[in-house]
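input-v7.pdb (PDB, C-alpha atoms)
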```pdb
ATOM      1  CA  MET A 779      75.417  60.697 149.293
ATOM      2  CA  ASP A 780      72.646  58.416 150.536
ATOM      3  CA  THR A 781      74.862  57.300 153.429
ATOM      4  CA  ILE A 782      75.457  60.902 154.483
ATOM      5  CA  TYR A 783      71.759  61.662 154.209
ATOM      6  CA  ARG A 784      70.849  58.707 156.459
ATOM      7  CA  PHE A 785      73.580  59.759 158.891
ATOM      8  CA  LEU A 786      72.173  63.283 159.141
ATOM      9  CA  ARG A 787      68.615  61.978 159.540
ATOM     10  CA  LYS A 788      69.769  60.093 162.657
ATOM     11  CA  ILE A 789      70.966  63.394 164.125
ATOM     12  CA  PHE A 790      68.233  65.664 162.774
ATOM     13  CA  TYR A 791      64.897  63.933 162.247
ATOM     14  CA  ASP A 792      63.464  66.909 160.373
ATOM     15  CA  LYS A 793      63.687  66.109 156.640
ATOM     16  CA  SER A 794      63.529  69.779 155.642
ATOM     17  CA  LEU A 795      66.449  70.592 157.931
ATOM     18  CA  VAL A 796      68.555  67.756 156.529
ATOM     19  CA  ASP A 797      67.720  68.762 152.958
ATOM     20  CA  GLU A 798      68.870  72.310 153.646
ATOM     21  CA  LEU A 799      72.092  71.126 155.268
ATOM     22  CA  MET A 800      72.841  68.939 152.265
ATOM     23  CA  ASP A 801      72.006  71.684 149.751
ATOM     24  CA  ARG A 802      73.744  74.585 151.465
ATOM     25  CA  SER A 803      76.893  72.875 152.821
ATOM     26  CA  GLN A 804      79.846  71.112 151.231
ATOM     27  CA  PHE A 805      80.843  67.515 151.916
ATOM     28  CA  ILE A 806      84.631  67.185 151.951
ATOM     29  CA  THR A 807      87.313  64.625 152.788
ATOM     30  CA  VAL A 808      90.340  66.017 154.629
ATOM     31  CA  PRO A 809      93.676  64.140 154.892
ATOM     32  CA  ALA A 810      95.132  63.228 158.289
ATOM     33  CA  HIS A 811      97.069  65.894 160.206
ATOM     34  CA  THR A 812      95.533  68.779 158.272
ATOM     35  CA  LYS A 813      94.346  71.997 159.899
ATOM     36  CA  VAL A 814      90.684  72.698 159.282
ATOM     37  CA  LEU A 815      90.408  75.697 161.624
ATOM     38  CA  GLU A 816      93.062  78.339 162.295
ATOM     39  CA  GLU A 817      93.733  80.061 165.592
ATOM     40  CA  ASP A 818      93.283  83.850 165.623
ATOM     41  CA  LYS A 819      91.322  83.725 162.337
ATOM     42  CA  TYR A 820      87.692  84.489 161.610
ATOM     43  CA  ILE A 821      85.506  81.410 161.160
ATOM     44  CA  LYS A 822      83.957  80.898 157.720
ATOM     45  CA  VAL A 823      82.783  77.292 157.955
ATOM     46  CA  VAL A 824      82.143  74.896 160.824
ATOM     47  CA  PRO A 825      82.758  71.127 160.580
ATOM     48  CA  LEU A 826      80.151  68.470 161.270
ATOM     49  CA  VAL A 827      82.142  65.238 161.362
ATOM     50  CA  PHE A 828      80.781  62.253 159.436
ATOM     51  CA  GLU A 829      83.770  59.907 159.723
ATOM     52  CA  GLY A 830      87.186  60.276 161.387
ATOM     53  CA  ARG A 831      88.174  62.634 164.182
ATOM     54  CA  ILE A 832      89.366  66.205 164.711
ATOM     55  CA  ARG A 833      91.312  67.418 167.718
ATOM     56  CA  VAL A 834      90.894  70.987 168.943
ATOM     57  CA  MET A 835      94.092  72.494 170.351
ATOM     58  CA  ARG A 836      95.225  75.743 171.910
ATOM     59  CA  GLN A 837      98.726  77.168 171.593
ATOM     60  CA  ASP A 838     100.436  79.812 173.725
ATOM     61  CA  GLU A 839     102.985  82.404 172.623
ATOM     62  CA  SER A 840     105.907  80.057 173.289
ATOM     63  CA  GLY A 841     104.443  77.401 170.987
ATOM     64  CA  LYS A 842     103.324  75.113 173.808
ATOM     65  CA  GLU A 843     100.124  73.267 172.893
ATOM     66  CA  ILE A 844      97.358  71.555 174.812
ATOM     67  CA  LEU A 845      94.380  69.450 173.774
ATOM     68  CA  LEU A 846      90.958  70.938 174.553
ATOM     69  CA  TYR A 847      88.641  68.267 173.125
ATOM     70  CA  TYR A 848      87.956  65.931 170.199
ATOM     71  CA  ILE A 849      85.257  66.275 167.550
ATOM     72  CA  ASN A 850      83.918  62.783 166.848
ATOM     73  CA  PRO A 851      81.345  61.601 164.261
ATOM     74  CA  GLY A 852      78.029  63.362 164.743
ATOM     75  CA  GLU A 853      79.668  66.277 166.559
ATOM     76  CA  SER A 854      80.742  69.798 165.683
ATOM     77  CA  CYS A 855      83.041  72.442 167.187
ATOM     78  CA  ALA A 856      81.445  74.569 169.901
ATOM     79  CA  LEU A 857      84.298  77.092 170.011
ATOM     80  CA  SER A 858      84.098  77.630 166.254
ATOM     81  CA  ILE A 859      80.320  78.026 166.323
ATOM     82  CA  ALA A 860      80.549  80.577 169.156
ATOM     83  CA  ALA A 861      83.277  82.536 167.352
ATOM     84  CA  GLY A 862      81.438  82.358 164.038
ATOM     85  CA  LEU A 863      78.074  83.470 165.396
ATOM     86  CA  ASN A 864      79.690  86.343 167.306
ATOM     87  CA  ARG A 865      82.023  87.217 164.407
ATOM     88  CA  THR A 866      85.110  86.980 166.607
ATOM     89  CA  LYS A 867      88.430  85.273 165.921
ATOM     90  CA  SER A 868      88.979  81.663 166.951
ATOM     91  CA  VAL A 869      90.852  81.100 170.223
ATOM     92  CA  ALA A 870      91.978  77.603 169.170
ATOM     93  CA  TYR A 871      92.869  75.597 166.088
ATOM     94  CA  ALA A 872      91.589  72.244 164.888
ATOM     95  CA  GLU A 873      93.449  69.482 163.067
ATOM     96  CA  THR A 874      92.347  66.124 161.702
ATOM     97  CA  GLU A 875      93.821  63.188 163.613
ATOM     98  CA  MET A 876      93.110  60.804 160.723
ATOM     99  CA  GLU A 877      91.474  61.103 157.323
ATOM    100  CA  THR A 878      88.186  62.797 158.128
ATOM    101  CA  LYS A 879      84.972  63.173 156.165
ATOM    102  CA  MET A 880      82.852  66.099 157.186
ATOM    103  CA  LEU A 881      80.149  68.536 156.229
ATOM    104  CA  ALA A 882      81.567  72.074 156.015
ATOM    105  CA  ILE A 883      78.686  74.324 157.075
ATOM    106  CA  PRO A 884      79.020  78.072 156.377
ATOM    107  CA  VAL A 885      78.604  80.171 159.524
ATOM    108  CA  ASP A 886      75.755  82.198 157.997
ATOM    109  CA  ILE A 887      73.854  78.951 157.354
ATOM    110  CA  ILE A 888      74.263  77.927 161.008
ATOM    111  CA  LYS A 889      72.865  81.266 162.117
ATOM    112  CA  ASP A 890      69.894  80.920 159.764
ATOM    113  CA  LEU A 891      69.094  77.317 160.754
ATOM    114  CA  HIS A 892      69.512  78.180 164.422
ATOM    115  CA  TYR A 893      66.625  80.657 164.180
ATOM    116  CA  ARG A 894      64.319  78.602 161.949
ATOM    117  CA  TYR A 895      64.673  75.049 163.246
ATOM    118  CA  PRO A 896      64.141  74.279 166.977
ATOM    119  CA  GLN A 897      65.779  70.893 166.450
ATOM    120  CA  PHE A 898      68.977  72.492 165.164
ATOM    121  CA  ASN A 899      68.932  74.840 168.152
ATOM    122  CA  ASP A 900      68.580  71.806 170.467
ATOM    123  CA  PHE A 901      71.606  70.233 168.747
ATOM    124  CA  LEU A 902      73.671  73.377 169.408
ATOM    125  CA  LEU A 903      72.570  73.606 173.053
ATOM    126  CA  LEU A 904      73.462  69.951 173.690
ATOM    127  CA  LEU A 905      76.802  70.441 171.948
ATOM    128  CA  PHE A 906      77.648  73.449 174.142
ATOM    129  CA  HIS A 907      76.495  71.558 177.252
ATOM    130  CA  ASN A 908      78.760  68.581 176.474
ATOM    131  CA  ARG A 909      81.760  70.743 175.574
ATOM    132  CA  PHE A 910      81.314  72.822 178.724
ATOM    133  CA  ASN A 911      81.356  69.670 180.846
ATOM    134  CA  GLU A 912      84.447  68.397 179.017
ATOM    135  CA  LEU A 913      86.261  71.675 179.631
ATOM    136  CA  ILE A 914      85.329  71.586 183.339
ATOM    137  CA  LEU A 915      86.803  68.073 183.603
ATOM    138  CA  PHE A 916      89.841  69.292 181.681
ATOM    139  CA  ILE A 917      90.358  72.190 184.118
ATOM    140  CA  ASP A 918      89.902  69.834 187.071
ATOM    141  CA  SER A 919      92.523  67.449 185.711
ATOM    142  CA  ILE A 920      95.058  70.263 185.347
ATOM    143  CA  ALA A 921      94.311  71.800 188.731
ATOM    144  CA  PHE A 922      93.925  68.694 190.878
ATOM    145  CA  LYS A 923      95.470  65.653 189.158
ATOM    146  CA  THR A 924      99.100  64.617 188.801
ATOM    147  CA  MET A 925     100.604  64.156 185.342
ATOM    148  CA  ASP A 926     100.902  60.374 185.704
ATOM    149  CA  PHE A 927      97.174  60.148 186.511
ATOM    150  CA  ARG A 928      96.317  62.416 183.572
ATOM    151  CA  LEU A 929      98.475  60.347 181.209
ATOM    152  CA  ILE A 930      96.832  57.081 182.266
ATOM    153  CA  GLN A 931      93.350  58.567 181.842
ATOM    154  CA  HIS A 932      94.335  59.927 178.449
ATOM    155  CA  LEU A 933      95.642  56.541 177.309
ATOM    156  CA  LYS A 934      92.428  54.878 178.502
ATOM    157  CA  GLN A 935      90.399  57.374 176.516
ATOM    158  CA  LYS A 936      92.456  56.761 173.389
ATOM    159  CA  GLN A 937      92.182  52.989 173.886
ATOM    160  CA  LYS A 938      88.406  53.251 174.180
ATOM    161  CA  LYS A 939      88.079  55.419 171.082
ATOM    162  CA  ALA A 940      90.398  53.153 169.073
ATOM    163  CA  GLY A 941      88.475  50.046 170.137
ATOM    164  CA  GLU A 942      91.719  48.085 170.514
ATOM    165  CA  ASN A 943      94.772  47.827 172.765
ATOM    166  CA  THR A 944      97.193  49.406 170.289
ATOM    167  CA  ILE A 945      97.321  53.212 170.298
ATOM    168  CA  HIS A 946      99.018  54.868 167.340
ATOM    169  CA  THR A 947     100.695  57.968 168.741
ATOM    170  CA  THR A 948     104.091  59.403 169.656
ATOM    171  CA  HIS A 949     105.548  60.664 172.918
ATOM    172  CA  GLN A 950     105.635  64.184 171.480
ATOM    173  CA  HIS A 951     102.017  63.937 170.382
ATOM    174  CA  LEU A 952     100.955  62.885 173.886
ATOM    175  CA  ALA A 953     103.035  65.684 175.406
ATOM    176  CA  ASP A 954     101.353  68.255 173.150
ATOM    177  CA  GLU A 955      97.893  66.965 174.026
ATOM    178  CA  LEU A 956      98.610  67.044 177.761
ATOM    179  CA  GLY A 957     100.512  70.333 177.729
ATOM    180  CA  THR A 958     103.814  69.068 179.086
ATOM    181  CA  ALA A 959     107.334  68.202 177.908
ATOM    182  CA  ARG A 960     108.108  65.110 175.844
ATOM    183  CA  GLU A 961     110.733  64.064 178.409
ATOM    184  CA  VAL A 962     108.071  63.931 181.132
ATOM    185  CA  ILE A 963     105.828  61.697 179.029
ATOM    186  CA  SER A 964     108.731  59.436 178.030
ATOM    187  CA  ARG A 965     109.726  58.982 181.675
ATOM    188  CA  LEU A 966     106.171  58.133 182.735
ATOM    189  CA  LEU A 967     105.688  55.717 179.832
ATOM    190  CA  LYS A 968     108.928  53.946 180.694
ATOM    191  CA  GLN A 969     107.664  53.491 184.248
ATOM    192  CA  LEU A 970     104.382  52.035 182.946
ATOM    193  CA  GLU A 971     106.418  49.677 180.774
ATOM    194  CA  ARG A 972     108.533  48.569 183.760
ATOM    195  CA  ASP A 973     105.282  47.939 185.643
ATOM    196  CA  GLY A 974     104.151  45.618 182.843
ATOM    197  CA  LYS A 975     101.219  47.836 181.839
ATOM    198  CA  ILE A 976     102.342  48.768 178.327
ATOM    199  CA  ILE A 977     104.926  48.133 175.617
ATOM    200  CA  ASN A 978     106.487  51.138 173.919
ATOM    201  CA  TYR A 979     107.018  50.865 170.169
ATOM    202  CA  ARG A 980     107.972  53.454 167.612
ATOM    203  CA  SER A 981     104.902  55.638 167.055
ATOM    204  CA  LYS A 982     102.599  53.283 168.938
ATOM    205  CA  ILE A 983     101.837  51.963 172.427
ATOM    206  CA  GLU A 984     100.360  48.573 173.257
ATOM    207  CA  ILE A 985      98.232  48.307 176.395
ATOM    208  CA  LEU A 986      98.968  45.004 178.167
ATOM    209  CA  ALA A 987      97.001  45.269 181.402
ATOM    210  CA  PRO A 988      94.362  47.472 183.029
ATOM    211  CA  MET A 989      95.878  50.686 184.337
TER
END
```
If you took the structure in this file and wrote it as structure tokens, what would it be?
Amino acid sequence: MDTIYRFLRKIFYDKSLVDELMDRSQFITVPAHTKVLEEDKYIKVVPLVFEGRIRVMRQDESGKEILLYYINPGESCALSIAAGLNRTKSVAYAETEMETKMLAIPVDIIKDLHYRYPQFNDFLLLLFHNRFNELILFIDSIAFKTMDFRLIQHLKQKQKKAGENTIHTTHQHLADELGTAREVISRLLKQLERDGKIINYRSKIEILAPM
């Protein structure tokens, strides 16, 4: 637990705040591809990611999905916090992309800490600011960018987060994240492969050249 404590102290310098988070929350490890937040459900706990990554998705009535944003180490879920504090149902769901270690913070604790610790309030405001900017960029990409441009930008983002040129994903996974059909993604990936930019493997893509 010392590692978690040091991790939290880097985010929240206030020792009393960190002690309360540790005492009043639960540290859990969640397997890959596991839902941690349900759409159209009331929020009971909010994740603060320590290690791993969570993707926040939205699904329409037909089952079509689209990626809203990722929750990386040191981050939490703005949509869940907003729903929890306002006691409304979640408009999205969240799923671990890999095995993820996180602090599960009860919503009532977030509300309490928000009022008593200015530093925790600053953390929430910065989180909402960053998520708002991400969603604006997301809306811009849908409204103004072609799918091939969006796919390339998405692959670059995944490459950067992975820290290597091999991206472990599937065509269907990419299609879900970008809100399009698998056939569209497969066609665009084949074109990138013909252009010598990537190599398609089963469940992974290798980046060969700058895109």
- Message: My list of candidates is A:Glu839, A:Glu829, A:Glu853, A:Glu875. Which is closest to Val814 in chain A when distances are computed with all atoms listed in the file?
- Response: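 Selected residue with least distance to Val814 in chain A: A:Glu875.
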- Message: If we count all atoms listed in the file and set the cut-off at 12 Å, which residues sit around Tyr895 in chain A, ignoring sequence neighbours fewer than 3 positions away in its own chain? Please answer as a PyMOL selection string.
- Response: chain A and resi 790-796+798-799+887-892+898-902
- Message: Using Å and a single decimal, report how far CA of Ala860 in chain A sits from CA of Leu905 in chain A.
- Response: 11.2 Å
- Nearest to Phe906 in chain A: which of A:Ser868, A:Thr874, A:Asn943, A:Ser858 is it, counting only C-alpha atoms?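 Ranked by minimum distance to Phe906 in chain A, first place goes to A:Ser858.
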- Query: Any idea what the distance is between CA of Ala861 in chain A and CA of Arg928 in chain A?
  - Reply: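 Interatomic distance here is 28.9 Å.
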- Which of these, A:Ile917, A:Ile821, A:Leu903, A:Ile977, has the shortest distance to Val869 in chain A once you count all atoms listed in the file?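 Answer, going by the shortest atom-to-atom distance: A:Ile821.
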- Residues near Leu986 in chain A, cut-off 10 Å, all atoms listed in the file, skip fewer than 6 positions along chain, as a list of chain:residue names: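 These residues fall inside the cut-off: A:Asn943, A:Thr944, A:Glu971, A:Gly974, A:Lys975, A:Ile976, A:Ile977.
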- Item | Which of A:Ile806, A:Met876, A:Ile849, A:Leu786 sits closest to Arg833 in chain A [using only C-alpha atoms] |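 Using only C-alpha atoms, the shortest distance to Arg833 in chain A belongs to A:Ile849.
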- Task: Would you mind telling me which residue in A:Ala940, A:Leu857, A:Ile832, A:Ile945 lies nearest to Lys879 in chain A when using all atoms listed in the file?
- Result: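 Of the candidates, the smallest distance to Lys879 in chain A is held by A:Ile832.
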- For each of A:Asn850, A:Thr948, A:Thr866, A:Thr781, take the minimum atom-to-atom distance to Glu961 in chain A, counting only C-alpha atoms, then give the residue where this is smallest.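 Looking only at the distances to Glu961 in chain A, the closest residue turns out to be A:Thr948.
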Compile the contact shell of Met800 in chain A as a PDB file with C-alpha atoms, in the coordinates of the input: residues with an atom at most 9 Å away, counting all atoms listed in the file, same-chain residues fewer than 3 positions apart removed.
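File produced: result_30.pdb:
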```pdb
ATOM      1  CA  ILE A 782      75.457  60.902 154.483  1.00  0.00           C
ATOM      2  CA  TYR A 783      71.759  61.662 154.209  1.00  0.00           C
ATOM      3  CA  LEU A 786      72.173  63.283 159.141  1.00  0.00           C
ATOM      4  CA  LEU A 795      66.449  70.592 157.931  1.00  0.00           C
ATOM      5  CA  VAL A 796      68.555  67.756 156.529  1.00  0.00           C
ATOM      6  CA  ASP A 797      67.720  68.762 152.958  1.00  0.00           C
ATOM      7  CA  SER A 803      76.893  72.875 152.821  1.00  0.00           C
ATOM      8  CA  GLN A 804      79.846  71.112 151.231  1.00  0.00           C
ATOM      9  CA  PHE A 805      80.843  67.515 151.916  1.00  0.00           C
ATOM     10  CA  LEU A 881      80.149  68.536 156.229  1.00  0.00           C
TER      11      LEU A 881
END
```
- Item | Reference answer for the PyMOL selection byres ((chain A and resi 870) around 8), as a ChimeraX atom specification | /A:815-818,834-837,857,868-869,871-872
- Item | the PyMOL selection byres ((chain A and resi 930) around 12) applied to the shown file, residues as a ChimeraX atom specification | /A:919,923-929,931-937,952,956,963,966-967,969-970,975-976,985,987-989
